[in-house]
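Engineer: Quick one: the structure is below, and I'll ask about it shortly.
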Amino acid sequence: QGPLVESGGGLVQVGGSLRLSCASSGRTFSAWPMGWFRQAPGKERESVAAIDWSGGSTYYADSVKGRFTISRDNVKRMLYLQMNSLKPEDTGVYYCAPQGATDEYPDWGQGTQVTVSS
């Protein structure tokens with residue numbers, strides 16, 4: 001898969017929006033189902049959204065369903081997460097990785113910090 005680089009995080013007020021991006025240098029990016037994960041302070045990393053290789057099937061955690069949209073551009077080797085109606089509990093570091101990746105996955109990026117202020 002190769003290194004993954006997340007970007008687009010920031011500080012936003014409750015109800016605001018952010019669009020996260022994930023760039024992959026891996027030639028096989030288009031073959032992998034991909035996901036967005038987040039880690040809140042003091043908590044374990046959790047999956048929030050996933051998308052199959054074609055973009056035709058998506059999954060969302062109940063906590064973000066209806067507010068977040070995952071998408072991908074296989075030509076550009078990019079993964080996106082559109083986040084709307086943000087809540088304080090969305091605060092955390094967001095990572096992209098193949099769907100189902102565990103802590104043992106070798107190519108976790110640095111993540112991008114999202115902070116939602118009330």
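Note on naming: chains are A, B, ... as they come in the structure tokens, residues start from 1 per chain, ligands start from 1 in the order shown.
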Quick one: residues within 7 Å of stretch 11-26 of chain A, only C-alpha atoms counted, chain neighbours fewer than 5 positions away excluded, as a count of residues only?

Structural biologist: 24

Engineer: Excluding A:Asn74 and its own-chain neighbours fewer than 5 positions away, which residues fall within 9 Å of it when counting only C-alpha atoms? Please give them as a PyMOL selection string.

Structural biologist: chain A and resi 29-31+53-54+79

Engineer: Output the selection as a compact mmCIF listing (two decimals), in the first residue's frame - N, CA and C atoms for each residue.

Structural biologist:
```txt
# COMPACT_ATOMS: atom_id res chain seq x y z
N PHE A 29 -3.29 1.05 -4.69
CA PHE A 29 -4.33 1.75 -3.92
C PHE A 29 -5.72 1.37 -4.40
N SER A 30 -5.92 1.33 -5.70
CA SER A 30 -7.26 1.12 -6.25
C SER A 30 -7.80 -0.27 -5.95
N ALA A 31 -6.95 -1.19 -5.53
CA ALA A 31 -7.39 -2.57 -5.27
C ALA A 31 -7.87 -2.77 -3.85
N TRP A 53 -13.32 -0.93 -3.13
CA TRP A 53 -12.32 -0.49 -4.09
C TRP A 53 -12.91 0.39 -5.19
N SER A 54 -14.16 0.16 -5.54
CA SER A 54 -14.76 0.91 -6.63
C SER A 54 -15.47 2.18 -6.17
N LEU A 79 -8.15 9.47 -1.02
CA LEU A 79 -9.31 9.11 -0.22
C LEU A 79 -9.77 10.37 0.49
```

Engineer: Give me, as a VMD selection string, the residues of chain A that a backbone DSSP run labels strand (DSSP E).

Structural biologist: chain A and resid 4 to 7 10 to 13 18 to 24 34 to 39 46 to 51 58 to 60 68 to 73 78 to 83 92 to 98 112 to 117

Engineer: Next, write the just-selected residues to a file, as a PDB file, in the first residue's frame, keeping C-alpha atoms as the atom set.

Structural biologist:
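Result file follows (result.pdb):
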```pdb
ATOM      1  CA  LEU A   4      -0.412   7.345   3.561  1.00  0.00           C
ATOM      2  CA  VAL A   5      -0.525  11.091   4.209  1.00  0.00           C
ATOM      3  CA  GLU A   6      -3.572  12.662   5.798  1.00  0.00           C
ATOM      4  CA  SER A   7      -4.446  16.355   5.643  1.00  0.00           C
ATOM      5  CA  GLY A  10      -8.191  21.845  11.882  1.00  0.00           C
ATOM      6  CA  LEU A  11     -10.161  23.695  14.512  1.00  0.00           C
ATOM      7  CA  VAL A  12     -13.847  24.145  13.779  1.00  0.00           C
ATOM      8  CA  GLN A  13     -16.908  25.174  15.746  1.00  0.00           C
ATOM      9  CA  LEU A  18     -14.167  19.873   7.244  1.00  0.00           C
ATOM     10  CA  ARG A  19     -12.930  17.804   4.332  1.00  0.00           C
ATOM     11  CA  LEU A  20     -10.101  15.401   5.042  1.00  0.00           C
ATOM     12  CA  SER A  21      -7.821  14.042   2.335  1.00  0.00           C
ATOM     13  CA  CYS A  22      -5.533  11.042   2.250  1.00  0.00           C
ATOM     14  CA  ALA A  23      -2.840  10.631  -0.369  1.00  0.00           C
ATOM     15  CA  SER A  24      -1.395   7.247  -1.195  1.00  0.00           C
ATOM     16  CA  MET A  34     -10.073   1.832   2.431  1.00  0.00           C
ATOM     17  CA  GLY A  35     -11.230   3.393   5.640  1.00  0.00           C
ATOM     18  CA  TRP A  36     -11.022   6.401   7.904  1.00  0.00           C
ATOM     19  CA  PHE A  37     -10.247   5.861  11.549  1.00  0.00           C
ATOM     20  CA  ARG A  38     -10.080   8.251  14.467  1.00  0.00           C
ATOM     21  CA  GLN A  39      -8.516   8.251  17.887  1.00  0.00           C
ATOM     22  CA  GLU A  46     -11.923   3.302  15.955  1.00  0.00           C
ATOM     23  CA  SER A  47     -13.235   2.893  12.435  1.00  0.00           C
ATOM     24  CA  VAL A  48     -15.624   5.643  11.340  1.00  0.00           C
ATOM     25  CA  ALA A  49     -16.092   4.999   7.620  1.00  0.00           C
ATOM     26  CA  ALA A  50     -15.018   2.620   4.879  1.00  0.00           C
ATOM     27  CA  ILE A  51     -15.371   2.295   1.121  1.00  0.00           C
ATOM     28  CA  THR A  58     -19.690   2.409   1.873  1.00  0.00           C
ATOM     29  CA  TYR A  59     -19.895   1.808   5.615  1.00  0.00           C
ATOM     30  CA  TYR A  60     -20.346   4.317   8.424  1.00  0.00           C
ATOM     31  CA  PHE A  68     -19.880  12.079   7.127  1.00  0.00           C
ATOM     32  CA  THR A  69     -19.315  11.003   3.520  1.00  0.00           C
ATOM     33  CA  ILE A  70     -16.375   8.892   2.380  1.00  0.00           C
ATOM     34  CA  SER A  71     -15.227   8.920  -1.233  1.00  0.00           C
ATOM     35  CA  ARG A  72     -12.199   8.058  -3.303  1.00  0.00           C
ATOM     36  CA  ASP A  73     -10.456   8.908  -6.562  1.00  0.00           C
ATOM     37  CA  MET A  78      -6.835   9.851  -2.983  1.00  0.00           C
ATOM     38  CA  LEU A  79      -9.307   9.108  -0.216  1.00  0.00           C
ATOM     39  CA  TYR A  80     -11.633  11.756   1.199  1.00  0.00           C
ATOM     40  CA  LEU A  81     -13.874  12.270   4.195  1.00  0.00           C
ATOM     41  CA  GLN A  82     -16.426  15.068   4.085  1.00  0.00           C
ATOM     42  CA  MET A  83     -17.500  15.848   7.635  1.00  0.00           C
ATOM     43  CA  GLY A  92      -9.530  13.359  17.572  1.00  0.00           C
ATOM     44  CA  VAL A  93      -6.737  12.401  15.229  1.00  0.00           C
ATOM     45  CA  TYR A  94      -8.020  11.014  11.948  1.00  0.00           C
ATOM     46  CA  TYR A  95      -6.135   8.382   9.984  1.00  0.00           C
ATOM     47  CA  CYS A  96      -6.670   6.579   6.703  1.00  0.00           C
ATOM     48  CA  ALA A  97      -5.720   2.954   6.149  1.00  0.00           C
ATOM     49  CA  PRO A  98      -7.003  -0.161   4.428  1.00  0.00           C
ATOM     50  CA  THR A 112      -4.608  14.868  10.943  1.00  0.00           C
ATOM     51  CA  GLN A 113      -5.998  16.555  14.046  1.00  0.00           C
ATOM     52  CA  VAL A 114      -9.646  17.567  14.120  1.00  0.00           C
ATOM     53  CA  THR A 115     -10.814  19.705  17.003  1.00  0.00           C
ATOM     54  CA  VAL A 116     -14.448  20.699  17.364  1.00  0.00           C
ATOM     55  CA  SER A 117     -15.022  23.470  19.851  1.00  0.00           C
TER      56      SER A 117
END
```

Engineer: Taking into account only C-alpha atoms, which residue in the set A:Val64, A:Gln99, A:Asp90, A:Trp108 is nearest to A:Trp32?

Structural biologist: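 That would be A:Gln99, the residue with the smallest distance to A:Trp32.
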
Engineer: Would you compute the distance between atom CA of A:Thr91 and atom CA of A:Pro41? Give it in Å to one decimal.

Structural biologist: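 Here the two named atoms are 8.3 Å from each other.
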
Engineer: In Å, rounded to a single decimal, give me how far atom CA of A:Glu44 is from atom CA of A:Asp103.

Structural biologist: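 Result for atom CA of A:Asp103 versus atom CA of A:Glu44: 9.9 Å, one decimal.
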